[in-house]
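Listing of start-v2.txt, compact mmCIF, C-alpha atoms
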```txt
# COMPACT_ATOMS: atom_id res chain seq x y z
CA MET A 198 15.53 15.16 -27.34
CA ALA A 199 12.21 13.37 -26.93
CA THR A 200 10.20 14.06 -23.78
CA VAL A 201 10.03 11.09 -21.39
CA ILE A 202 6.56 10.65 -19.95
CA LEU A 203 6.44 10.65 -16.13
CA ALA A 204 10.24 10.60 -15.81
CA ASP A 205 10.25 11.54 -12.11
CA GLU A 206 7.51 9.08 -11.23
CA ARG A 207 9.26 6.23 -13.05
CA ARG A 208 12.49 6.92 -11.18
CA ALA A 209 10.58 6.96 -7.89
CA VAL A 210 8.86 3.67 -8.68
CA CYS A 211 12.27 2.07 -9.31
CA GLU A 212 13.68 3.47 -6.08
CA TYR A 213 10.82 2.31 -3.89
CA ALA A 214 10.57 -1.06 -5.63
CA ARG A 215 14.19 -1.74 -4.67
CA ARG A 216 13.42 -0.62 -1.11
CA LEU A 217 10.63 -3.20 -0.92
CA THR A 218 13.19 -5.97 -1.30
CA ALA A 219 15.86 -4.34 0.87
CA ASP A 220 13.36 -3.74 3.70
CA GLY A 221 12.00 -7.29 3.53
CA LEU A 222 8.50 -6.26 2.51
CA VAL A 223 8.50 -8.60 -0.50
CA VAL A 224 10.28 -11.71 -1.73
CA GLY A 225 11.40 -12.01 -5.35
CA THR A 226 9.11 -10.13 -7.72
CA SER A 227 6.07 -10.12 -5.43
CA GLY A 228 4.38 -6.87 -4.43
CA ASN A 229 4.15 -3.79 -6.63
CA ILE A 230 4.24 0.00 -6.64
CA SER A 231 2.70 2.81 -8.66
CA ALA A 232 2.80 6.60 -8.87
CA ARG A 233 0.20 8.83 -10.49
CA SER A 234 0.56 12.19 -12.20
CA GLY A 235 -2.57 13.66 -13.73
CA GLU A 236 -4.34 11.02 -15.81
CA LEU A 237 -1.30 8.74 -16.11
CA ILE A 238 0.23 6.13 -13.82
CA ALA A 239 3.75 4.67 -13.68
CA MET A 240 3.79 1.17 -12.20
CA THR A 241 6.14 -1.74 -11.73
CA PRO A 242 6.14 -4.33 -14.54
CA THR A 243 5.07 -7.89 -13.89
CA GLY A 244 7.66 -10.56 -13.13
CA VAL A 245 10.82 -8.42 -13.30
CA ASP A 246 13.59 -8.46 -10.68
CA TYR A 247 13.41 -5.10 -8.90
CA GLY A 248 17.18 -5.03 -8.55
CA VAL A 249 17.66 -4.59 -12.31
CA LEU A 250 14.76 -2.21 -12.99
CA THR A 251 15.50 1.04 -14.79
CA PRO A 252 13.08 3.96 -15.27
CA GLU A 253 12.73 2.93 -18.94
CA ASP A 254 11.42 -0.46 -17.77
CA ILE A 255 8.50 1.14 -15.92
CA PRO A 256 5.32 1.06 -18.02
CA VAL A 257 3.02 4.07 -18.04
CA VAL A 258 -0.70 3.41 -18.26
CA SER A 259 -3.85 5.47 -18.46
CA LEU A 260 -6.63 5.29 -15.88
CA ASP A 261 -8.42 2.68 -18.00
CA GLY A 262 -5.33 0.46 -18.05
CA ALA A 263 -4.16 1.14 -21.62
CA ILE A 264 -0.36 1.19 -22.01
CA VAL A 265 0.78 4.68 -23.00
CA GLU A 266 4.53 4.10 -22.93
CA GLY A 267 6.87 1.21 -22.18
CA LYS A 268 7.61 -2.22 -23.64
CA LEU A 269 6.93 -4.30 -20.51
CA ARG A 270 3.52 -5.40 -19.26
CA PRO A 271 2.37 -3.70 -16.04
CA THR A 272 1.90 -5.57 -12.78
CA SER A 273 -0.76 -8.26 -12.67
CA GLU A 274 -2.29 -6.32 -9.77
CA MET A 275 -3.11 -3.36 -12.01
CA PRO A 276 -6.87 -3.72 -11.24
CA MET A 277 -6.17 -2.94 -7.58
CA HIS A 278 -4.08 0.12 -8.40
CA LEU A 279 -6.58 1.49 -10.89
CA SER A 280 -9.44 0.93 -8.43
CA VAL A 281 -7.67 2.92 -5.71
CA TYR A 282 -6.89 5.81 -8.07
CA THR A 283 -10.37 5.98 -9.55
CA LYS A 284 -12.66 4.90 -6.70
CA ALA A 285 -10.97 5.33 -3.30
CA THR A 286 -11.17 8.56 -1.31
CA ASP A 287 -8.63 9.72 1.25
CA PRO A 288 -10.36 10.38 4.61
CA ASP A 289 -9.06 13.97 4.58
CA GLY A 290 -9.61 14.49 0.87
CA ALA A 291 -5.89 14.45 0.06
CA PRO A 292 -4.82 13.42 -3.45
CA ILE A 293 -3.93 9.76 -3.96
CA THR A 294 -0.74 9.73 -6.02
CA GLY A 295 1.19 6.73 -4.68
CA ILE A 296 0.33 3.10 -3.92
CA VAL A 297 2.43 0.36 -2.30
CA HIS A 298 1.39 -3.32 -2.26
CA THR A 299 3.51 -5.69 -0.15
CA HIS A 300 3.67 -9.34 0.80
CA SER A 301 5.28 -8.52 4.14
CA VAL A 302 5.59 -11.51 6.46
CA HIS A 303 3.97 -10.31 9.68
CA ALA A 304 1.07 -8.50 8.04
CA THR A 305 0.35 -11.50 5.84
CA ALA A 306 0.38 -13.74 8.91
CA VAL A 307 -2.03 -11.43 10.73
CA SER A 308 -4.33 -11.42 7.67
CA THR A 309 -4.91 -15.14 8.25
CA LEU A 310 -5.93 -14.67 11.90
CA VAL A 311 -8.22 -11.65 12.32
CA ASP A 312 -10.66 -9.38 10.49
CA GLU A 313 -8.97 -6.18 11.74
CA VAL A 314 -5.47 -5.37 12.95
CA PRO A 315 -5.67 -5.28 16.76
CA ALA A 316 -4.99 -1.85 18.29
CA VAL A 317 -1.74 -2.65 20.08
CA HIS A 318 -0.23 0.78 19.33
CA TYR A 319 -1.57 4.23 18.61
CA MET A 320 0.21 4.40 15.24
CA LEU A 321 -2.60 2.28 13.88
CA ALA A 322 -4.11 5.74 13.40
CA ALA A 323 -1.71 6.29 10.49
CA ILE A 324 -4.06 4.00 8.57
CA GLY A 325 -7.32 5.20 10.10
CA PRO A 326 -9.71 4.29 12.90
CA SER A 327 -8.77 0.66 12.21
CA ALA A 328 -7.05 -1.46 9.58
CA ARG A 329 -9.41 -4.01 8.10
CA VAL A 330 -8.60 -7.32 6.43
CA ALA A 331 -10.08 -7.58 2.94
CA ARG A 332 -11.82 -10.83 2.06
CA TYR A 333 -9.56 -13.17 0.08
CA ALA A 334 -9.84 -13.28 -3.70
CA THR A 335 -7.45 -14.52 -6.39
CA TYR A 336 -4.65 -12.09 -7.20
CA GLY A 337 -5.03 -9.84 -10.21
CA THR A 338 -8.83 -10.11 -10.30
CA GLU A 339 -11.59 -7.50 -10.19
CA GLU A 340 -13.02 -9.49 -7.28
CA LEU A 341 -9.89 -8.75 -5.25
CA ALA A 342 -10.05 -5.07 -6.23
CA GLU A 343 -13.67 -4.89 -5.01
CA SER A 344 -12.84 -6.64 -1.74
CA MET A 345 -9.93 -4.26 -1.20
CA LEU A 346 -12.07 -1.16 -1.84
CA ALA A 347 -14.58 -2.26 0.79
CA ALA A 348 -11.78 -2.68 3.35
CA LEU A 349 -10.24 0.69 2.41
CA GLU A 350 -13.40 2.71 3.01
CA GLY A 351 -12.39 5.53 5.37
CA ARG A 352 -8.87 4.10 5.60
CA ARG A 353 -5.47 4.69 3.96
CA GLY A 354 -4.52 1.03 3.89
CA CYS A 355 -5.66 -2.48 4.64
CA LEU A 356 -4.51 -6.07 4.82
CA LEU A 357 -5.47 -8.41 2.02
CA GLY A 358 -6.64 -11.73 3.40
CA ASN A 359 -4.01 -14.50 3.02
CA HIS A 360 -2.09 -12.20 0.70
CA GLY A 361 -0.42 -9.01 1.98
CA THR A 362 -1.09 -5.28 2.35
CA ILE A 363 -1.93 -2.22 0.30
CA THR A 364 -1.44 1.40 1.35
CA TYR A 365 -1.75 4.72 -0.44
CA GLY A 366 -0.84 8.36 0.05
CA ASP A 367 -0.12 11.67 -1.57
CA GLY A 368 3.21 10.51 -2.97
CA LEU A 369 5.13 7.28 -2.69
CA ALA A 370 6.91 8.40 0.49
CA ALA A 371 3.60 8.59 2.36
CA ALA A 372 2.30 5.31 0.93
CA TYR A 373 5.56 3.53 1.74
CA SER A 374 5.70 4.87 5.29
CA ARG A 375 2.20 3.51 5.91
CA ALA A 376 3.21 0.12 4.55
CA GLU A 377 6.13 0.07 7.00
CA GLN A 378 3.93 1.14 9.91
CA LEU A 379 1.35 -1.53 9.11
CA GLU A 380 3.99 -4.26 8.98
CA TRP A 381 5.53 -3.06 12.26
CA LEU A 382 2.14 -3.02 14.00
CA CYS A 383 1.47 -6.57 12.87
CA GLN A 384 4.89 -7.69 14.08
CA VAL A 385 4.32 -6.11 17.50
CA TRP A 386 0.92 -7.78 17.88
CA LEU A 387 2.20 -11.20 16.85
CA LEU A 388 5.13 -10.91 19.28
CA ALA A 389 2.89 -9.79 22.14
CA ARG A 390 0.31 -12.46 21.35
CA SER A 391 2.95 -15.16 21.40
CA ALA A 392 3.81 -14.16 24.97
CA GLY A 393 0.31 -13.62 26.31
CA SER A 394 -2.87 -11.59 25.84
CA PRO A 395 -1.95 -8.08 24.62
CA ARG A 396 -3.70 -5.06 26.14
CA LEU A 397 -5.42 -3.20 23.31
CA LEU A 398 -6.15 0.50 23.06
CA PRO A 399 -9.83 1.53 22.99
CA SER A 400 -11.27 2.76 19.70
CA GLU A 401 -11.77 6.19 21.27
CA GLU A 402 -8.02 6.59 21.75
CA ILE A 403 -7.26 5.58 18.16
CA ALA A 404 -9.84 8.11 16.95
CA HIS A 405 -8.20 10.75 19.17
CA VAL A 406 -4.78 10.04 17.66
CA VAL A 407 -6.27 10.15 14.14
CA GLU A 408 -7.17 13.77 14.91
CA LYS A 409 -3.77 14.56 16.45
CA LEU A 410 -1.93 13.18 13.41
CA ARG A 411 -3.69 15.71 11.17
CA GLY A 412 -1.41 18.38 12.66
CA TYR A 413 1.71 16.23 12.97
CA GLY A 414 5.07 17.12 11.43
CA GLN A 415 6.35 20.15 9.54
CA LYS A 416 3.87 21.96 7.35
```
Would you mind writing the file's structure down as structure tokens?
Amino acid sequence: MATVILADERRAVCEYARRLTADGLVVGTSGNISARSGELIAMTPTGVDYGVLTPEDIPVVSLDGAIVEGKLRPTSEMPMHLSVYTKATDPDGAPITGIVHTHSVHATAVSTLVDEVPAVHYMLAAIGPSARVARYATYGTEELAESMLAALEGRRGCLLGNHGTITYGDGLAAAYSRAEQLEWLCQVWLLARSAGSPRLLPSEEIAHVVEKLRGYGQK
């Protein structure tokens, strides 16, 4: 039997791609997901309904974007994914092996209003000292990838101006959880803002929680 390249990663990409739709983080075929193992990356194909994806549909590419296995073309946002894997650095030095890009409603709305996500809740620290909004650029371009990298410096995620979000982690579970947290934070701020002027946490408290989260959970 022939060896399937990145079999586990391709299954995980399918699973989380379907969750994107089920959790309302994308509409249709928008958004995309990737998982890295060594020098190879499994990522969602462009323009395919996530509900019918199978692991065999997931293209595998090298770090320079060459297709190694798979018949379908990878996501049009491949430049963003490759830039994160090859140029971004986790604030704690953790490996970056999973990326989630969403078009979630509340985060996209916030990306049209501010330059940083307001600190309405301490879980902003899951992203970093703040969550920046990357300057708008056309989807699928190197310009967007460069804008995103600037916003990601020292952070594990950001909003993409008038577009959506991108988050990363050591594994898709971590990247996906951060995407959910970012969307929730944006929803809370928009709800509070619609009712009045939200009280925001000082940057010192967010920095304090960033440190506390380093020891959070089961090790």
Set the distance at 7 Å and use only C-alpha atoms: which residues neighbour Asn229 of chain A once local chain neighbours fewer than 5 positions away are removed? I'd like the list as number ranges by chain.
A: 241, 272, 297-299
Would you write out those residues with C-alpha atoms, as a compact mmCIF listing (two decimals), in the frame of the given file?
```
# COMPACT_ATOMS: atom_id res chain seq x y z
CA THR A 241 6.14 -1.74 -11.73
CA THR A 272 1.90 -5.57 -12.78
CA VAL A 297 2.43 0.36 -2.30
CA HIS A 298 1.39 -3.32 -2.26
CA THR A 299 3.51 -5.69 -0.15
```
Using atom CA of Ala214 of chain A and atom CA of Val311 of chain A as the two end points, give the distance in Å to one decimal.
28.1 Å
Near-Ala342 of chain A list (7 Å; only C-alpha atoms; drop same-chain fewer than 6 positions) as a PyMOL selection string:
chain A and resi 276-277+280
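Between atom CA of Ser391 of chain A and atom CA of Val406 of chain A lies a distance of 26.6 Å.
From atom CA of Pro252 of chain A back to atom CA of Arg207 of chain A, the distance works out to 5.0 Å.
The closest residue to Gln384 of chain A, picked from A:Thr309, A:Thr338, A:Ser301, A:Ser259 and counting all atoms listed in the file, is A:Ser301.
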